[in-house]
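> You'll find final37.txt just under this line, and it carries compact mmCIF, C-alpha atoms.
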# COMPACT_ATOMS: atom_id res chain seq x y z
CA MET A 1 0.00 0.00 0.00
CA ILE A 2 1.13 3.54 -0.75
CA TYR A 3 -0.62 5.92 1.61
CA LEU A 4 -1.05 9.36 0.05
CA ASP A 5 -3.92 10.77 2.09
CA ASN A 6 -2.01 12.62 4.78
CA ALA A 7 -4.17 15.69 4.22
CA ALA A 8 -7.02 13.66 5.75
CA THR A 9 -4.96 12.05 8.51
CA SER A 10 -1.37 10.94 8.84
CA PHE A 11 -1.98 7.22 8.93
CA LEU A 12 1.73 6.45 9.11
CA LYS A 13 2.98 7.54 12.54
CA PRO A 14 6.27 7.27 14.39
CA ASP A 15 6.43 4.10 16.52
CA SER A 16 6.90 6.33 19.56
CA VAL A 17 3.36 7.67 19.08
CA LYS A 18 1.84 4.19 19.18
CA LYS A 19 3.93 3.30 22.22
CA ALA A 20 2.88 6.47 24.01
CA VAL A 21 -0.81 5.73 23.46
CA ASN A 22 -0.37 2.19 24.72
CA PHE A 23 1.65 3.32 27.73
CA SER A 24 -1.01 5.86 28.58
CA LEU A 25 -3.79 3.28 28.43
CA ASN A 26 -1.86 1.08 30.81
CA ASN A 27 -0.63 3.68 33.27
CA PHE A 28 -2.67 6.87 33.41
CA SER A 29 -6.02 7.64 34.99
CA SER A 30 -8.07 10.81 34.90
CA PRO A 31 -5.87 13.90 35.23
CA GLY A 32 -6.54 16.73 37.63
CA ARG A 33 -9.05 14.78 39.66
CA GLY A 34 -6.97 12.80 42.10
CA SER A 35 -4.06 12.98 44.48
CA TYR A 36 -2.47 9.69 43.46
CA ARG A 37 0.36 8.89 41.11
CA ASN A 38 -1.61 7.74 38.05
CA ALA A 39 -3.61 10.97 38.08
CA TYR A 40 -0.59 13.21 38.60
CA CYS A 41 1.27 11.44 35.79
CA ALA A 42 -1.69 11.98 33.47
CA SER A 43 -1.68 15.69 34.37
CA GLU A 44 2.04 15.85 33.72
CA ILE A 45 1.65 14.34 30.27
CA ILE A 46 -1.06 16.81 29.33
CA PHE A 47 1.02 19.70 30.62
CA SER A 48 4.05 18.45 28.68
CA ALA A 49 1.94 18.29 25.51
CA ARG A 50 0.82 21.88 26.06
CA GLU A 51 4.40 22.98 26.58
CA ALA A 52 5.62 21.13 23.49
CA LEU A 53 2.92 22.76 21.35
CA ALA A 54 3.75 26.17 22.83
CA LYS A 55 7.36 25.64 21.81
CA LEU A 56 6.38 24.52 18.29
CA PHE A 57 4.13 27.54 17.65
CA ASN A 58 6.13 30.06 19.74
CA ILE A 59 3.28 30.56 22.19
CA ASP A 60 4.23 32.47 25.33
CA SER A 61 1.99 30.68 27.83
CA SER A 62 0.91 27.08 27.40
CA GLU A 63 -2.22 27.85 29.46
CA ASN A 64 -3.54 29.55 26.34
CA ILE A 65 -3.63 26.24 24.47
CA ILE A 66 -6.74 24.14 24.90
CA PHE A 67 -7.17 20.58 23.76
CA THR A 68 -10.11 19.65 21.56
CA ASP A 69 -11.29 16.57 19.66
CA ASN A 70 -10.02 17.91 16.33
CA ALA A 71 -9.56 21.15 14.42
CA THR A 72 -13.27 21.37 13.60
CA THR A 73 -14.20 21.50 17.28
CA ALA A 74 -11.47 24.06 17.86
CA ILE A 75 -12.78 26.25 15.01
CA ASN A 76 -16.38 25.97 16.22
CA THR A 77 -15.31 26.86 19.76
CA ALA A 78 -13.59 30.03 18.61
CA LEU A 79 -16.07 31.20 15.99
CA LYS A 80 -19.23 30.52 17.98
CA GLY A 81 -17.64 31.78 21.17
CA LEU A 82 -16.62 35.10 19.65
CA ILE A 83 -19.04 36.00 16.87
CA LYS A 84 -22.44 37.18 18.04
CA GLU A 85 -25.56 38.57 16.42
CA GLY A 86 -24.71 41.94 14.90
CA ASP A 87 -20.98 41.19 14.56
CA SER A 88 -19.23 41.23 11.19
CA PHE A 89 -16.48 38.81 10.21
CA LEU A 90 -14.66 37.65 7.11
CA ILE A 91 -13.49 34.31 5.77
CA SER A 92 -11.94 33.30 2.46
CA THR A 93 -13.43 31.24 -0.35
CA MET A 94 -10.65 28.71 0.16
CA GLU A 95 -11.99 27.62 3.55
CA HIS A 96 -12.86 24.06 4.46
CA ASN A 97 -16.41 23.40 5.63
CA ALA A 98 -15.00 23.29 9.16
CA VAL A 99 -14.94 27.08 8.87
CA ALA A 100 -17.53 27.67 6.14
CA ARG A 101 -20.40 25.82 7.81
CA PRO A 102 -20.22 27.38 11.28
CA SER A 103 -19.68 30.74 9.56
CA ASN A 104 -22.78 30.23 7.46
CA LEU A 105 -24.76 29.28 10.57
CA LEU A 106 -23.56 32.40 12.39
CA ASN A 107 -24.62 34.41 9.36
CA GLU A 108 -28.10 32.87 9.54
CA LYS A 109 -28.24 33.78 13.23
CA GLY A 110 -27.62 37.46 12.59
CA ALA A 111 -23.88 37.98 12.14
CA THR A 112 -22.70 39.49 8.88
CA LEU A 113 -20.34 37.29 6.90
CA TYR A 114 -17.97 38.67 4.27
CA TYR A 115 -15.78 36.70 1.89
CA VAL A 116 -12.42 37.34 0.27
CA LYS A 117 -11.92 35.41 -2.93
CA GLY A 118 -8.92 33.19 -3.45
CA ASP A 119 -7.14 33.28 -6.80
CA GLU A 120 -7.21 30.55 -9.44
CA LYS A 121 -4.16 28.87 -7.89
CA GLY A 122 -5.79 28.78 -4.46
CA PHE A 123 -3.92 31.63 -2.76
CA VAL A 124 -5.56 34.36 -0.70
CA LYS A 125 -3.51 37.45 -1.40
CA LYS A 126 -2.98 40.26 1.07
CA GLU A 127 -4.20 42.89 -1.39
CA ALA A 128 -7.45 41.02 -2.02
CA LEU A 129 -8.02 40.54 1.69
CA LEU A 130 -7.33 44.15 2.59
CA SER A 131 -9.68 45.40 -0.11
CA SER A 132 -12.42 43.16 1.31
CA LEU A 133 -12.19 44.67 4.79
CA ASN A 134 -14.54 47.25 6.22
CA PRO A 135 -14.56 49.03 9.59
CA ASP A 136 -17.22 46.72 11.03
CA ILE A 137 -15.21 43.54 10.64
CA LYS A 138 -14.21 42.15 14.03
CA LEU A 139 -12.43 38.96 13.00
CA VAL A 140 -10.79 37.43 9.94
CA CYS A 141 -10.56 33.65 9.75
CA LEU A 142 -8.14 32.35 7.16
CA ILE A 143 -6.92 28.93 6.13
CA HIS A 144 -3.12 28.70 6.31
CA SER A 145 -2.83 26.10 3.61
CA SER A 146 -5.57 24.81 1.34
CA ASN A 147 -6.57 21.17 1.69
CA VAL A 148 -7.36 21.19 -2.04
CA THR A 149 -4.38 22.91 -3.66
CA GLY A 150 -1.82 22.99 -0.85
CA SER A 151 -1.29 26.72 -1.44
CA ILE A 152 0.22 28.43 1.60
CA ASN A 153 -1.03 31.89 2.48
CA ASP A 154 1.39 34.47 3.83
CA LEU A 155 0.16 34.76 7.40
CA THR A 156 2.79 37.22 8.51
CA GLU A 157 2.08 39.95 5.98
CA ILE A 158 -1.66 39.56 6.52
CA GLY A 159 -1.40 39.29 10.31
CA LYS A 160 0.57 42.51 10.61
CA GLU A 161 -2.01 44.41 8.57
CA LEU A 162 -4.89 43.06 10.66
CA LYS A 163 -3.12 43.89 13.90
CA GLU A 164 -2.69 47.49 12.73
CA ARG A 165 -6.44 47.61 12.11
CA ASP A 166 -7.27 45.99 15.48
CA ILE A 167 -8.98 43.03 13.78
CA LEU A 168 -8.71 39.58 15.37
CA PHE A 169 -6.74 37.15 13.23
CA MET A 170 -7.85 33.53 13.40
CA VAL A 171 -5.99 30.86 11.46
CA ASP A 172 -7.07 27.36 10.47
CA ALA A 173 -3.80 25.43 10.48
CA SER A 174 -5.34 22.05 9.69
CA GLN A 175 -3.00 21.38 6.78
CA SER A 176 0.06 23.20 8.03
CA ALA A 177 0.54 22.46 11.73
CA GLY A 178 3.63 20.26 11.91
CA SER A 179 4.32 20.59 8.18
CA VAL A 180 5.01 24.31 7.84
CA PRO A 181 6.64 26.60 10.43
CA ILE A 182 4.07 28.62 12.40
CA ASP A 183 4.98 31.46 14.75
CA VAL A 184 1.97 33.09 16.39
CA GLU A 185 3.98 36.12 17.54
CA LYS A 186 5.70 36.80 14.22
CA SER A 187 2.45 36.36 12.28
CA CYS A 188 0.31 38.26 14.84
CA ILE A 189 -2.07 35.30 15.13
CA ASP A 190 -4.72 35.73 17.84
CA ILE A 191 -6.40 32.36 17.46
CA LEU A 192 -4.90 29.21 15.98
CA ALA A 193 -6.91 26.05 15.39
CA PHE A 194 -5.05 22.84 14.62
CA PRO A 195 -5.65 19.08 14.39
CA GLY A 196 -3.44 16.67 16.28
CA HIS A 197 -3.77 13.77 13.88
CA LYS A 198 -2.42 15.23 10.63
CA GLY A 199 0.96 16.96 10.43
CA LEU A 200 1.46 16.74 14.18
CA LEU A 201 1.42 12.94 13.84
CA GLY A 202 -0.79 12.30 16.86
CA PRO A 203 -3.78 9.97 17.05
CA GLN A 204 -7.21 10.78 15.68
CA GLY A 205 -9.46 12.46 18.23
CA THR A 206 -6.89 15.12 19.08
CA GLY A 207 -6.69 18.79 18.20
CA GLY A 208 -6.23 22.13 19.82
CA LEU A 209 -6.89 25.82 19.94
CA TYR A 210 -4.59 28.67 20.90
CA ILE A 211 -6.35 31.78 22.19
CA ARG A 212 -4.25 34.86 22.80
CA GLU A 213 -4.37 36.26 26.34
CA GLY A 214 -7.07 38.89 26.68
CA ILE A 215 -9.48 37.18 24.28
CA LEU A 216 -12.22 35.25 26.05
CA PRO A 217 -14.75 33.44 23.86
CA ASP A 218 -17.96 32.12 25.40
CA SER A 219 -17.69 28.45 26.26
CA LEU A 220 -19.43 25.94 23.98
CA THR A 221 -19.54 23.20 26.59
CA GLU A 222 -19.85 23.55 30.33
CA GLY A 223 -19.05 21.02 33.03
CA GLY A 224 -16.51 19.78 35.54
CA THR A 225 -13.02 21.15 35.14
CA GLY A 226 -11.39 20.04 38.39
CA SER A 227 -11.16 23.70 39.37
CA PHE A 228 -13.47 26.31 40.94
CA SER A 229 -15.77 23.41 41.81
CA GLU A 230 -17.67 25.51 44.35
CA SER A 231 -19.14 27.56 41.52
CA LEU A 232 -21.95 26.65 39.14
CA THR A 233 -20.45 29.02 36.59
CA GLN A 234 -17.87 27.91 34.05
CA PRO A 235 -14.37 29.16 35.03
CA LEU A 236 -12.96 32.15 33.21
CA VAL A 237 -9.38 30.86 33.27
CA LEU A 238 -7.77 28.97 30.41
CA PRO A 239 -7.45 26.16 29.62
CA ASP A 240 -10.13 25.08 32.13
CA ARG A 241 -12.86 27.22 30.56
CA PHE A 242 -12.79 25.07 27.42
CA GLU A 243 -11.80 21.69 28.82
CA SER A 244 -14.78 20.30 30.68
CA GLY A 245 -14.95 16.59 31.33
CA THR A 246 -12.28 13.94 31.13
CA PRO A 247 -9.78 14.66 28.39
CA ASN A 248 -8.42 12.23 25.82
CA VAL A 249 -5.30 11.30 27.79
CA PRO A 250 -4.18 8.44 25.52
CA GLY A 251 -4.65 10.66 22.48
CA ILE A 252 -2.82 13.60 24.01
CA SER A 253 -0.01 11.26 25.10
CA GLY A 254 0.37 10.21 21.48
CA LEU A 255 0.14 13.80 20.33
CA LEU A 256 2.95 14.77 22.70
CA SER A 257 5.08 12.06 21.16
CA GLY A 258 4.22 13.27 17.65
CA VAL A 259 5.08 16.88 18.49
CA ASN A 260 8.34 15.80 20.11
CA PHE A 261 9.17 13.88 16.92
CA ILE A 262 8.58 17.07 14.92
CA LEU A 263 10.63 19.20 17.32
CA ARG A 264 13.50 16.72 16.98
CA HIS A 265 13.37 16.59 13.18
CA LYS A 266 12.45 20.29 12.81
CA VAL A 267 9.44 21.51 10.84
CA GLU A 268 11.70 23.17 8.26
CA ASN A 269 13.28 19.81 7.40
CA ILE A 270 9.91 18.06 7.26
CA HIS A 271 8.57 20.77 4.96
CA ALA A 272 11.63 20.55 2.72
CA TYR A 273 11.34 16.77 2.36
CA GLU A 274 7.59 16.82 1.72
CA THR A 275 8.10 19.58 -0.84
CA GLU A 276 10.63 17.40 -2.61
CA LEU A 277 8.12 14.54 -2.72
CA ILE A 278 5.33 16.67 -4.16
CA ARG A 279 7.70 18.13 -6.74
CA ILE A 280 8.64 14.65 -7.93
CA LEU A 281 4.97 13.80 -8.22
CA ALA A 282 4.10 17.05 -10.01
CA GLU A 283 6.98 16.72 -12.44
CA ASP A 284 6.06 13.14 -13.37
CA PHE A 285 2.33 13.92 -13.57
CA SER A 286 2.97 16.92 -15.83
CA VAL A 287 4.01 14.68 -18.73
CA ILE A 288 0.94 12.44 -18.52
CA PRO A 289 -1.57 13.46 -21.21
CA SER A 290 -4.95 14.67 -19.95
CA VAL A 291 -3.72 15.42 -16.42
CA LYS A 292 -4.37 18.94 -15.28
CA ILE A 293 -2.53 19.91 -12.11
CA MET A 294 -4.27 22.47 -9.91
CA GLY A 295 -2.42 25.02 -7.80
CA THR A 296 1.35 25.31 -7.70
CA PRO A 297 2.55 22.07 -6.11
CA GLY A 298 6.04 22.37 -4.68
CA GLU A 299 6.02 26.15 -4.95
CA ASN A 300 4.85 27.84 -1.79
CA SER A 301 2.70 24.83 -1.00
CA THR A 302 2.34 21.94 1.37
CA SER A 303 2.58 18.41 0.01
CA VAL A 304 -0.97 18.47 -1.31
CA MET A 305 -1.76 18.24 -5.01
CA SER A 306 -5.08 18.03 -6.79
CA ILE A 307 -5.51 16.88 -10.36
CA VAL A 308 -8.32 16.75 -12.89
CA THR A 309 -8.28 14.14 -15.65
CA LYS A 310 -10.60 12.80 -18.32
CA GLU A 311 -11.67 10.15 -15.78
CA ASP A 312 -14.30 10.71 -13.09
CA SER A 313 -12.35 11.62 -9.95
CA SER A 314 -13.98 9.00 -7.74
CA VAL A 315 -13.56 6.27 -10.36
CA LEU A 316 -9.89 7.14 -10.79
CA ALA A 317 -9.28 7.08 -7.04
CA GLU A 318 -10.90 3.65 -6.86
CA LYS A 319 -8.75 2.37 -9.73
CA LEU A 320 -5.60 3.67 -8.08
CA TYR A 321 -6.46 1.78 -4.92
CA LYS A 322 -7.84 -1.43 -6.35
CA ASN A 323 -5.23 -1.87 -9.07
CA HIS A 324 -2.19 -0.33 -7.40
CA GLY A 325 -2.85 -0.06 -3.67
CA ILE A 326 -2.54 3.72 -3.74
CA CYS A 327 -4.66 5.57 -1.17
CA VAL A 328 -5.84 9.01 -2.29
CA ARG A 329 -9.02 11.04 -1.87
CA ALA A 330 -11.41 12.15 -4.59
CA GLY A 331 -14.29 14.62 -4.69
CA LEU A 332 -14.77 18.03 -3.12
CA HIS A 333 -12.71 17.38 0.04
CA CYS A 334 -15.33 19.15 2.20
CA ALA A 335 -14.26 22.39 0.57
CA PRO A 336 -16.93 23.32 -2.00
CA LEU A 337 -16.03 27.03 -1.89
CA ALA A 338 -12.42 26.21 -2.69
CA HIS A 339 -13.41 24.03 -5.63
CA GLU A 340 -15.67 26.79 -6.92
CA THR A 341 -12.75 29.20 -6.59
CA ILE A 342 -10.34 27.11 -8.66
CA GLY A 343 -13.00 25.94 -11.12
CA THR A 344 -13.30 22.28 -10.15
CA PHE A 345 -16.66 22.26 -8.41
CA ASP A 346 -18.34 20.20 -11.13
CA THR A 347 -15.61 17.59 -11.52
CA GLY A 348 -14.01 17.46 -8.13
CA THR A 349 -10.35 16.48 -8.05
CA VAL A 350 -8.17 13.56 -7.08
CA ARG A 351 -5.94 14.67 -4.24
CA PHE A 352 -2.49 13.25 -3.54
CA SER A 353 -0.96 14.18 -0.20
CA PRO A 354 2.31 12.44 0.66
CA GLY A 355 3.79 12.72 4.12
CA PHE A 356 7.10 12.49 5.93
CA PHE A 357 7.06 8.68 5.89
CA ASN A 358 6.60 8.34 2.13
CA THR A 359 9.58 7.70 -0.13
CA ARG A 360 10.75 9.18 -3.42
CA GLU A 361 10.34 5.74 -4.98
CA GLU A 362 6.68 5.70 -3.96
CA MET A 363 6.17 8.95 -5.87
CA LYS A 364 7.64 7.34 -9.00
CA LYS A 365 5.41 4.28 -8.57
CA THR A 366 2.38 6.51 -8.13
CA ALA A 367 3.07 8.40 -11.34
CA LEU A 368 3.45 5.13 -13.21
CA ALA A 369 0.22 3.82 -11.72
CA LEU A 370 -1.65 6.98 -12.71
CA CYS A 371 -0.33 6.64 -16.22
CA LYS A 372 -1.63 3.07 -16.40
CA CYS A 373 -5.04 4.02 -14.97
CA LEU A 374 -5.52 6.71 -17.61
CA LYS A 375 -4.56 4.58 -20.62
CA MET B 376 3.99 27.53 52.67
CA LEU B 377 1.18 26.81 50.20
CA ILE B 378 0.57 28.87 47.08
CA LEU B 379 -2.97 28.40 45.77
CA LEU B 380 -3.41 28.70 42.04
CA ASN B 381 -6.33 29.01 39.69
CA SER B 382 -5.81 25.77 37.81
CA GLY B 383 -3.72 22.65 37.61
CA THR B 384 -2.04 24.04 34.51
CA SER B 385 -1.08 27.24 36.37
CA ALA B 386 0.43 25.12 39.14
CA GLN B 387 2.36 23.05 36.60
CA ARG B 388 3.64 26.14 34.81
CA LEU B 389 4.81 27.76 38.01
CA LYS B 390 6.45 24.55 39.18
CA LYS B 391 8.36 24.30 35.89
CA ILE B 392 9.52 27.91 36.17
CA LEU B 393 10.63 27.39 39.77
CA THR B 394 12.44 24.17 38.89
CA ASN B 395 14.31 26.05 36.17
CA SER B 396 15.34 28.56 38.86
CA SER B 397 16.40 25.75 41.22
CA ILE B 398 13.58 26.60 43.64
CA PRO B 399 12.06 23.39 44.99
CA SER B 400 8.27 22.97 44.97
CA GLU B 401 5.68 20.25 45.08
CA ILE B 402 2.20 20.22 43.55
CA ILE B 403 -0.47 19.06 45.96
CA GLN B 404 -4.23 19.04 45.96
CA THR B 405 -5.21 22.00 48.12
CA PRO B 406 -6.53 20.98 51.56
CA LYS B 407 -10.31 21.42 51.61
CA SER B 408 -10.13 23.67 54.68
CA ILE B 409 -8.35 26.40 52.72
CA SER B 410 -9.46 25.70 49.18
CA GLU B 411 -12.01 28.51 49.33
CA GLY B 412 -14.81 26.25 48.22
CA GLY B 413 -13.61 24.19 45.32
CA CYS B 414 -11.04 21.76 44.05
CA THR B 415 -7.74 23.38 43.27
CA TYR B 416 -4.05 22.72 43.22
CA SER B 417 -1.32 24.35 45.24
CA LEU B 418 2.41 24.47 45.29
CA ARG B 419 4.09 23.60 48.57
CA VAL B 420 7.24 25.70 48.81
CA LYS B 421 9.66 26.97 51.43
CA SER B 422 8.65 30.31 52.99
CA GLU B 423 12.15 31.65 52.58
CA ASN B 424 11.66 31.59 48.79
CA LYS B 425 8.40 33.56 48.90
CA GLU B 426 9.66 36.78 47.35
CA LYS B 427 11.51 35.00 44.54
CA ILE B 428 8.45 32.89 43.79
CA LEU B 429 6.11 35.87 43.70
CA SER B 430 8.50 37.62 41.37
CA ARG B 431 8.71 34.62 39.00
CA ALA B 432 4.93 34.25 39.01
CA LYS B 433 4.46 37.92 38.20
CA ASP B 434 6.94 37.73 35.32
CA ALA B 435 5.06 34.74 33.88
CA ARG B 436 1.68 36.42 34.44
CA ILE B 437 0.51 33.56 36.66
CA ASN B 438 -2.26 34.60 39.02
CA ILE B 439 -1.93 33.51 42.63
CA ARG B 440 -5.23 32.89 44.36
CA ALA B 441 -3.95 32.91 47.93
CA ILE B 442 -0.91 32.16 50.07
CA TYR B 443 -1.03 30.20 53.33
CA GLU B 444 1.60 29.52 55.93
CA GLU B 445 1.64 25.98 57.31
CA ASP B 446 2.79 25.21 60.86
CA ASN B 447 4.32 21.98 62.15
CA MET B 448 0.87 20.75 63.21
CA GLY B 449 -0.53 21.10 59.70
CA ASN B 450 -2.56 24.22 60.52
CA PHE B 451 -2.85 26.98 57.92
CA SER B 452 -2.94 30.74 58.26
CA HIS B 453 -3.40 33.37 55.57
CA SER B 454 -0.13 34.96 54.57
Show me, as structure tokens, the structure contained in the file I just sent.


Amino acid sequence: MIYLDNAATSFLKPDSVKKAVNFSLNNFSSPGRGSYRNAYCASEIIFSAREALAKLFNIDSSENIIFTDNATTAINTALKGLIKEGDSFLISTMEHNAVARPSNLLNEKGATLYYVKGDEKGFVKKEALLSSLNPDIKLVCLIHSSNVTGSINDLTEIGKELKERDILFMVDASQSAGSVPIDVEKSCIDILAFPGHKGLLGPQGTGGLYIREGILPDSLTEGGTGSFSESLTQPLVLPDRFESGTPNVPGISGLLSGVNFILRHKVENIHAYETELIRILAEDFSVIPSVKIMGTPGENSTSVMSIVTKEDSSVLAEKLYKNHGICVRAGLHCAPLAHETIGTFDTGTVRFSPGFFNTREEMKKTALALCKCLK
Amino acid sequence: MLILLNSGTSAQRLKKILTNSSIPSEIIQTPKSISEGGCTYSLRVKSENKEKILSRAKDARINIRAIYEEDNMGNFSHS
């Protein structure tokens, strides 16, 4: 099998991640709710994961990182906690439904939603974004890297402009966390939503949200936090405000191991290797007749590439798997606005997303397999 | 001396900072009699390090909920 669906989840993980999950299941109980060793150790692991993520994203205080089930939950927590009836906010047309659907719902409930259009390659340019702003806009939510084209938006130049205008900058780092360097200070990011199970190499069921100090969204879920238990009101302090109930300790243990793996290997090196893989793929695909490559794979992109061919995208993906054992994803990738933007809404695309554990040889085999499927 | 904090994460952060400054501390569940109503965590530290600890906490913007002195009999008094 050649697994090329890392944009959905990084199925291939470091062994240390699997060991960490197993160790956690065997040794840790509920954190923050007991004065015995198993509980303290669980708390320590969760704290270590927060600290590791803070280091990775250059976050000053790890208390401002909350753990969630995935990036979607993180995005919903931030958007629904901050945007109220009468507020105005802006998203791009390259957003995943994780952002587009809650935004649409908020719009239906009385908030005003504005869009900035991505270009035909899938980039959201600073000039386009700035010209879409108006004085009422309170928050801009932008995808860092498209899950359809892989295009990476320049967060730093956009973040600085938004900071000058006193507009909150929220970033969906679903495709970039762990694969592309992210610095919340340098890029003036106020809110960062990220999954744990993609580029960060953790298990599914993990994700997180960074909220800059001084920003306090309403809570989406209320309950026991192991703190301020005398009160029937949800605590104001982070991370407790957004972490009611027993957390996913085995998942977060695995996530810690994944983040430590990334810190050891360095995001810059991971990005360079994955870029090399996608360039090999793009170069070999470019000589196959009838293959149209979307975006600019290997140039200011993550290792995500979408193609359109004469074949139905879903049929082609099935052929690649059944005949060659190649795992890819076809269709609209839960990003209909993005497909509309790049002109592939009617056809969908076949998406190839290699990861750090793929080889150069696998890219060559994939190109050969695609060639055979299209004959 | 016990330093009461707002959350377990605050306690862990302060403990890490103190450890990096070679100031010993231990996280404990706050005794119910002084927990001001709810579950919370505290750092048990030596009184002689109080000023240094308060300074480190302030630098890291960690809020301290309360400080209690502990006598040899395990009784607490507000500091």

> Using all atoms listed in the file for the distances, tell me which of A:Gly331, A:Ile167, A:His265, A:Leu374 is nearest to A:Thr309.

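The shortest atom-to-atom distance to A:Thr309 comes from A:Leu374.
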
> Taking 4 positions as the minimum chain separation for residues in the same chain, which residues sit within 12 Å of B:Ala441 when counting only C-alpha atoms? Answer as a PyMOL selection string.

chain B and resi 376-381+405+409-411+415-418+429+451-454

> What would the list of residues within 7 Å of (-7.1, 14.1, -17.9) (file frame) look like as a list of chain:residue names, if only C-alpha atoms are what count?

A:Pro289, A:Ser290, A:Val291, A:Lys292, A:Val308, A:Thr309, A:Lys310, A:Glu311

> Could you save those same residues with C-alpha atoms as a short mmCIF file (atom, residue, chain, number, x, y, z; two decimals), in the coordinates of the input?


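Written out: result_21.cif:
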data_model
loop_
_atom_site.label_atom_id
_atom_site.label_comp_id
_atom_site.auth_asym_id
_atom_site.auth_seq_id
_atom_site.Cartn_x
_atom_site.Cartn_y
_atom_site.Cartn_z
CA PRO A 289 -1.57 13.46 -21.21
CA SER A 290 -4.95 14.67 -19.95
CA VAL A 291 -3.72 15.42 -16.42
CA LYS A 292 -4.37 18.94 -15.28
CA VAL A 308 -8.32 16.75 -12.89
CA THR A 309 -8.28 14.14 -15.65
CA LYS A 310 -10.60 12.80 -18.32
CA GLU A 311 -11.67 10.15 -15.78
#

> Up to 9 Å from chain A, what residues of chain B turn up? Count only C-alpha atoms and give them as a PyMOL selection string.

chain B and resi 381-385+387-388+403-404+411-416+435-436

> Which residue gives the smallest distance to B:Lys425 among B:Ile402, B:Leu393, B:Ala386, B:Met448, with all atoms listed in the file counted?

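Closest to B:Lys425, using all atoms listed in the file: B:Leu393.
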
> Go ahead and compute the interatomic distance for atom CA of A:Ser30 and atom CA of A:Gly214, in Å to one decimal.

29.3 Å

> Can you tell me how far atom CA of A:Thr9 sits from atom CA of A:Leu105, in Å to one decimal?

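Going from atom CA of A:Thr9 over to atom CA of A:Leu105 covers 26.3 Å.
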
> Mind pulling up the distance from atom CA of A:Thr77 to atom CA of A:Gly223?

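Interatomic distance, atom CA of A:Gly223 to atom CA of A:Thr77: 15.0 Å.
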
> A:Ile293, A:Ile59, A:Ala369, A:Ala128: which is nearest A:Ile278, counting only C-alpha atoms?

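Closest candidate: A:Ile293.
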
> Residues at most 10 Å from A:Thr366, counting only C-alpha atoms, excluding those fewer than 3 positions away in the same chain, as a CSV table (one decimal) with C-alpha atoms, in the frame of the given file?


chain,number,residue,atom,x,y,z
A,2,ILE,CA,1.1,3.5,-0.8
A,4,LEU,CA,-1.0,9.4,0.0
A,281,LEU,CA,5.0,13.8,-8.2
A,284,ASP,CA,6.1,13.1,-13.4
A,285,PHE,CA,2.3,13.9,-13.6
A,320,LEU,CA,-5.6,3.7,-8.1
A,324,HIS,CA,-2.2,-0.3,-7.4
A,325,GLY,CA,-2.8,-0.1,-3.7
A,326,ILE,CA,-2.5,3.7,-3.7
A,327,CYS,CA,-4.7,5.6,-1.2
A,352,PHE,CA,-2.5,13.2,-3.5
A,360,ARG,CA,10.8,9.2,-3.4
A,361,GLU,CA,10.3,5.7,-5.0
A,362,GLU,CA,6.7,5.7,-4.0
A,363,MET,CA,6.2,9.0,-5.9
A,369,ALA,CA,0.2,3.8,-11.7
A,370,LEU,CA,-1.6,7.0,-12.7
A,371,CYS,CA,-0.3,6.6,-16.2
A,372,LYS,CA,-1.6,3.1,-16.4

> Could you check which of B:Asn447, B:Ser408, B:Ser397, B:Asn438 is closest to B:Asn424, using all atoms listed in the file?

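For B:Asn424, the nearest of the candidates is B:Ser397.
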
> Near A:Thr341, counting only C-alpha atoms, which residues have an atom at most 7 Å away, once you skip same-chain residues fewer than 6 positions from it, shown as a CSV table (one decimal) with C-alpha atoms, in the coordinates of the input?


chain,number,residue,atom,x,y,z
A,93,THR,CA,-13.4,31.2,-0.4
A,118,GLY,CA,-8.9,33.2,-3.4
A,119,ASP,CA,-7.1,33.3,-6.8
A,120,GLU,CA,-7.2,30.6,-9.4

> Have a look at A:Leu255, A:Glu340, A:Lys19, A:His271 and name the one nearest to A:Ile45; count all atoms listed in the file.

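Once distances to A:Ile45 are computed over all atoms listed in the file, the minimum belongs to A:Leu255.
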
> Could you list, as a list in words, every residue within 6 Å of A:Gly196, counting only C-alpha atoms and ignoring same-chain residues fewer than 5 positions away?

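Skipping anything fewer than 5 positions along the chain leaves Gly202, Thr206 and Gly207 of chain A.
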
> Would you output that residue set with C-alpha atoms, as a short mmCIF file (atom, residue, chain, number, x, y, z; two decimals), in the coordinates of the input?


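Contents of the output file selection-v3.cif:
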data_model
loop_
_atom_site.label_atom_id
_atom_site.label_comp_id
_atom_site.auth_asym_id
_atom_site.auth_seq_id
_atom_site.Cartn_x
_atom_site.Cartn_y
_atom_site.Cartn_z
CA GLY A 202 -0.79 12.30 16.86
CA THR A 206 -6.89 15.12 19.08
CA GLY A 207 -6.69 18.79 18.20
#

> Counting all atoms listed in the file, which residue out of A:Ala54, A:Ile182, A:Ile137, A:Met1 sits closest to A:Glu268?

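Closest candidate: A:Ile182.
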